[in-house]
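*Asks:* Got a structure for you, written out below as structure tokens; questions coming shortly.
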Amino acid sequence: MALHRDEATFGEGEDAQRAREVLAAFLRLGLTSFGGPTAHIGYFRSAFVQRRQWLGEDVFAQYFAFASLLPGPTSSQLGMLIGLHRAGPLGAGAAWLGFTLPSALLLMVAGLVGVGLEEGRAGWLAGLAAAAVGVVAWAVWGMARGLLPDWHRRGIALAGFAVTAVVAGAPGQFLTLGLGAAAGALLLRDRLPPPGELAAAPVPAWFATAARVGFVGVTAAMATALVVGAGGLVGLAAGIVYAGTFIVGGGHVVLPLLESTVVEPGHVGPELFLAGYGLAQAVPGPLFTIAAFLGAAAPAGGAVAGLVCLIAIFLPSTLLMFAVLPAWRRIQNWPAVRPALVGMGAAVTGLLAAALVIVLIPEAITSPGTAAVAMMVLALVASGRVPAWLTVLAAAAGGAALDVAGLM
């Protein structure tokens with residue numbers, strides 16, 4: 001299994017072929033990955049660590065930790081890192097496009113035709129939410145087996161679970177990763193085997209430089225538009241860029257920040273905003289594609305505005321990620337840092353387990369019917385014989401059938 005690619009391979013024909021593979025794989029996930037950011041991590045691990053073996057469990061955990069430390073959509077950033085690892089900058093772009101395109105198109109069309117979201121949750125949608133529980137439960141179990149081989153790392157994971165449970169949101173996430181790194185440096189220094197060939201996805205110098213220049217330019221333009229109080233599409237896009245720059249803690253944090261930068265200035269009405277937020281949770285893929293709905297449905301909107309706003313919400317955090325990734329790559333290969341990174345990987349397992357127990361299960365398991373769907377999905381995923389798209393369809397169909405029977 002190749003865990004590291006030489007920078008010299010960038011730009012060769014192999015990357016173009018691999019980028020097409022990345023696009024196809026992430027497009028499939030973009031059509032089937034229901035359940036929000038936490039569930040996406042489980043889908044990614046199943047697709048790229050287990051089935052395709054594009055990267056190892058330890059690299060996956062490091063990428064997840066790195067994405068979790070940055071502002072922006074964690075699952076989308078993790079996907080781009082996996083694409084970069086597999087096929088260079090073309091692969092990163094292919095991963096974003098494939099994972100984002102299905103939900104973005106659905107939400108843009110909904111915004112153009114004025115589709116809202118009725119109150120309540122249909123049986124098929126409840127089934128999809130329950131499916132996320134099964135997917136994430138299997139991911140947590142698999143990561144625990146791969147990343148927690150001794151009691152030191154198991155203890156770090158349990159501590160990460162406890163910290164995440166007590167300290168909610170982004171502060172808890174940062175604290176969990178920081179304590180995991182400190183515990184790893186303290187407890188694992190003399191307990192690790194000799195380092196193998198393990199490094200973050202290589203970033204060409206020109207790519208990182210362009211990302212740094214682009215991030216400065218985008219944030220300067222956003223700040224200028226907000227200071228002068230620009231209206232129309234410019235003002236709407238500036239508010240969305242602001243949200244995309246400062247959202248830390250996953251897609252669900254987008255609600256209060258977007259509300260303050262898009263609804264309060266009057267770019268979008270509160271009813272339209274909440275309808276878009278509900279629709280974004282009902283479709284697969286990243287929650288950040290709500291921006292496509294807002295751009296298309298706004299008074300100053302349309303198809304072009306939907307595309308502009310979609311790019312606006314992803315652009316600042318993506319540029320920042322690629323701007324700082326070379327430094328992360330250098331730092332993580334220092335001998336003194338390696339135990340800290342292993343400890344952080346153990347803490348990530350506890351963090352994901354806490355998200356499952358504290359967020360996903362209470363939200364998705366609301367009846368015996370939803371519990372049955374979650375158990376069915378867990379069994380299908382654990383079997384390794386049923387493709388993800390079929391598992392998702394089975395969950396939706398099961399939820400709809402149980403809803404008709406009055407069991408949801």
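Following the order of the structure tokens, chains are lettered A, B, ..., residues in each are numbered from 1, and ligands are numbered from 1.
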Identify, with DSSP run on backbone atoms, the residues in range 20-210 of chain A assigned to alpha helix (DSSP H), and express the list as a PyMOL selection string.
*Replies:* chain A and resi 20-32+36-44+57-69+74-113+123-147+151-166+169-187+205-210
*Asks:* Save the residues we just selected, C-alpha atoms, as a tab-separated table (two decimals), in the first residue's frame?
*Replies:*
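To be explicit, this is the file written out as result02.tsv:
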```tsv
chain	number	residue	atom	x	y	z
A	20	ARG	CA	-10.34	10.59	-13.21
A	21	GLU	CA	-10.45	7.71	-10.72
A	22	VAL	CA	-10.73	10.21	-7.87
A	23	LEU	CA	-13.54	12.06	-9.63
A	24	ALA	CA	-15.53	8.87	-10.21
A	25	ALA	CA	-15.06	7.70	-6.61
A	26	PHE	CA	-16.06	11.01	-5.05
A	27	LEU	CA	-18.96	11.49	-7.43
A	28	ARG	CA	-20.34	8.19	-6.18
A	29	LEU	CA	-19.92	9.42	-2.61
A	30	GLY	CA	-21.49	12.76	-3.48
A	31	LEU	CA	-24.60	10.90	-4.59
A	32	THR	CA	-24.82	8.57	-1.58
A	36	GLY	CA	-23.71	15.09	7.58
A	37	PRO	CA	-19.99	15.65	8.22
A	38	THR	CA	-19.50	12.92	10.81
A	39	ALA	CA	-21.06	10.28	8.58
A	40	HIS	CA	-18.92	11.47	5.66
A	41	ILE	CA	-15.78	10.54	7.59
A	42	GLY	CA	-17.10	7.00	7.91
A	43	TYR	CA	-17.93	6.82	4.21
A	44	PHE	CA	-14.45	8.09	3.28
A	57	GLU	CA	-5.33	4.13	8.69
A	58	ASP	CA	-2.59	6.26	10.23
A	59	VAL	CA	-2.41	8.66	7.28
A	60	PHE	CA	-6.20	8.93	7.22
A	61	ALA	CA	-6.22	9.87	10.91
A	62	GLN	CA	-3.52	12.50	10.37
A	63	TYR	CA	-5.41	14.05	7.47
A	64	PHE	CA	-8.58	14.07	9.56
A	65	ALA	CA	-6.75	15.75	12.43
A	66	PHE	CA	-5.26	18.38	10.12
A	67	ALA	CA	-8.64	19.13	8.51
A	68	SER	CA	-10.25	19.35	11.95
A	69	LEU	CA	-7.78	22.02	13.03
A	74	THR	CA	-13.91	19.17	7.59
A	75	SER	CA	-15.25	16.39	5.37
A	76	SER	CA	-14.70	18.33	2.14
A	77	GLN	CA	-11.17	19.26	3.20
A	78	LEU	CA	-10.44	15.65	4.13
A	79	GLY	CA	-11.71	14.60	0.71
A	80	MET	CA	-9.43	17.08	-1.03
A	81	LEU	CA	-6.45	15.83	0.99
A	82	ILE	CA	-7.24	12.27	-0.06
A	83	GLY	CA	-7.50	13.43	-3.69
A	84	LEU	CA	-4.20	15.29	-3.37
A	85	HIS	CA	-2.58	12.21	-1.87
A	86	ARG	CA	-3.77	10.08	-4.76
A	87	ALA	CA	-3.37	12.35	-7.78
A	88	GLY	CA	-1.82	15.70	-6.84
A	89	PRO	CA	-3.58	19.06	-7.32
A	90	LEU	CA	-5.77	17.58	-10.10
A	91	GLY	CA	-6.90	14.94	-7.65
A	92	ALA	CA	-7.75	17.53	-5.00
A	93	GLY	CA	-9.92	19.43	-7.47
A	94	ALA	CA	-11.54	16.21	-8.71
A	95	ALA	CA	-12.38	15.16	-5.15
A	96	TRP	CA	-14.06	18.49	-4.39
A	97	LEU	CA	-15.97	18.54	-7.66
A	98	GLY	CA	-17.24	14.98	-7.38
A	99	PHE	CA	-18.28	15.24	-3.76
A	100	THR	CA	-19.89	18.69	-4.09
A	101	LEU	CA	-21.56	18.65	-7.51
A	102	PRO	CA	-24.64	16.45	-6.82
A	103	SER	CA	-25.93	18.34	-3.78
A	104	ALA	CA	-24.94	21.72	-5.25
A	105	LEU	CA	-26.98	21.06	-8.40
A	106	LEU	CA	-29.98	19.83	-6.40
A	107	LEU	CA	-29.94	22.87	-4.13
A	108	MET	CA	-29.36	25.32	-6.96
A	109	VAL	CA	-32.35	23.94	-8.86
A	110	ALA	CA	-34.41	24.11	-5.67
A	111	GLY	CA	-33.42	27.75	-5.23
A	112	LEU	CA	-34.26	28.61	-8.84
A	113	VAL	CA	-37.73	27.04	-8.71
A	123	GLY	CA	-39.83	8.34	6.68
A	124	TRP	CA	-37.23	8.00	3.93
A	125	LEU	CA	-35.29	10.95	5.34
A	126	ALA	CA	-35.42	9.49	8.86
A	127	GLY	CA	-34.07	6.26	7.39
A	128	LEU	CA	-31.14	8.10	5.85
A	129	ALA	CA	-30.36	9.81	9.15
A	130	ALA	CA	-30.42	6.42	10.91
A	131	ALA	CA	-28.11	5.01	8.22
A	132	ALA	CA	-25.47	7.55	9.25
A	133	VAL	CA	-25.42	6.01	12.72
A	134	GLY	CA	-24.59	2.58	11.33
A	135	VAL	CA	-21.88	3.94	9.02
A	136	VAL	CA	-20.17	5.98	11.74
A	137	ALA	CA	-20.41	3.18	14.32
A	138	TRP	CA	-18.53	0.86	11.96
A	139	ALA	CA	-15.96	3.55	11.22
A	140	VAL	CA	-15.32	4.10	14.94
A	141	TRP	CA	-14.89	0.37	15.49
A	142	GLY	CA	-12.51	0.04	12.54
A	143	MET	CA	-10.42	3.05	13.57
A	144	ALA	CA	-10.23	1.76	17.14
A	145	ARG	CA	-8.87	-1.59	15.93
A	146	GLY	CA	-6.29	0.11	13.68
A	147	LEU	CA	-5.21	3.06	15.81
A	151	TRP	CA	-3.77	0.79	26.53
A	152	HIS	CA	-1.89	4.08	26.29
A	153	ARG	CA	-3.63	4.95	23.04
A	154	ARG	CA	-6.94	3.57	24.27
A	155	GLY	CA	-6.67	5.82	27.28
A	156	ILE	CA	-5.98	8.82	25.04
A	157	ALA	CA	-9.07	7.94	22.97
A	158	LEU	CA	-11.24	7.64	26.10
A	159	ALA	CA	-9.94	10.99	27.34
A	160	GLY	CA	-10.71	12.51	23.94
A	161	PHE	CA	-14.23	11.14	24.15
A	162	ALA	CA	-14.69	12.68	27.61
A	163	VAL	CA	-13.32	16.09	26.63
A	164	THR	CA	-15.47	16.25	23.50
A	165	ALA	CA	-18.52	15.26	25.55
A	166	VAL	CA	-17.94	17.96	28.16
A	169	GLY	CA	-18.32	22.54	19.50
A	170	ALA	CA	-15.04	23.80	18.07
A	171	PRO	CA	-13.39	24.52	21.48
A	172	GLY	CA	-13.89	20.90	22.50
A	173	GLN	CA	-12.52	19.70	19.17
A	174	PHE	CA	-9.37	21.81	19.47
A	175	LEU	CA	-8.88	20.83	23.11
A	176	THR	CA	-9.27	17.13	22.29
A	177	LEU	CA	-6.67	17.26	19.52
A	178	GLY	CA	-4.28	19.34	21.61
A	179	LEU	CA	-4.50	17.06	24.62
A	180	GLY	CA	-4.12	14.00	22.37
A	181	ALA	CA	-0.93	15.47	20.92
A	182	ALA	CA	0.44	16.29	24.38
A	183	ALA	CA	-0.42	12.85	25.74
A	184	GLY	CA	1.15	11.14	22.74
A	185	ALA	CA	4.37	13.12	23.12
A	186	LEU	CA	4.51	12.23	26.80
A	187	LEU	CA	3.41	8.57	26.74
A	205	ALA	CA	5.75	24.97	-4.32
A	206	TRP	CA	3.86	26.92	-7.00
A	207	PHE	CA	0.57	25.50	-5.74
A	208	ALA	CA	1.20	26.50	-2.14
A	209	THR	CA	2.38	29.97	-3.17
A	210	ALA	CA	-0.69	30.52	-5.33
```
*Asks:* Find the spatial neighbours of Gly276 in chain A, counting only C-alpha atoms, within a cut-off of 7 Å - ignore same-chain residues fewer than 4 positions away - and output them as a list in words.
*Replies:*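 Those residues are Leu272, Ala280, Ile290, Phe293 and Leu294 of chain A.
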*Asks:* Tell me, counting only C-alpha atoms, for each residue of range 303-346 of chain A within 9 Å of range 212-235 of chain A, which pair of atoms is nearest and how far apart they are in Å to one decimal, in rows ordered by chain and increasing number, as a Markdown table.
*Replies:*
```
| residue | atom | partner | partner_atom | distance |
| --- | --- | --- | --- | --- |
| A:Ala305 | CA | A:Leu233 | CA | 6.7 |
| A:Val308 | CA | A:Leu233 | CA | 8.7 |
| A:Cys309 | CA | A:Leu233 | CA | 8.6 |
| A:Leu315 | CA | A:Phe215 | CA | 8.2 |
| A:Pro316 | CA | A:Phe215 | CA | 5.8 |
| A:Ser317 | CA | A:Phe215 | CA | 8.3 |
| A:Thr318 | CA | A:Phe215 | CA | 8.7 |
| A:Leu319 | CA | A:Phe215 | CA | 5.5 |
| A:Leu320 | CA | A:Phe215 | CA | 6.2 |
| A:Phe322 | CA | A:Arg212 | CA | 7.9 |
| A:Ala323 | CA | A:Arg212 | CA | 5.0 |
| A:Val324 | CA | A:Arg212 | CA | 8.2 |
```
*Asks:* If you measure from CA of Ala382 in chain A to CA of Gln50 in chain A, what distance in Å do you get, rounded to one decimal?
*Replies:* 11.3 Å
*Asks:* Take CA of Leu351 in chain A and CA of Ser46 in chain A and report the distance between them in Å, one decimal.
*Replies:*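 For CA of Leu351 in chain A relative to CA of Ser46 in chain A, the distance reads 17.9 Å.
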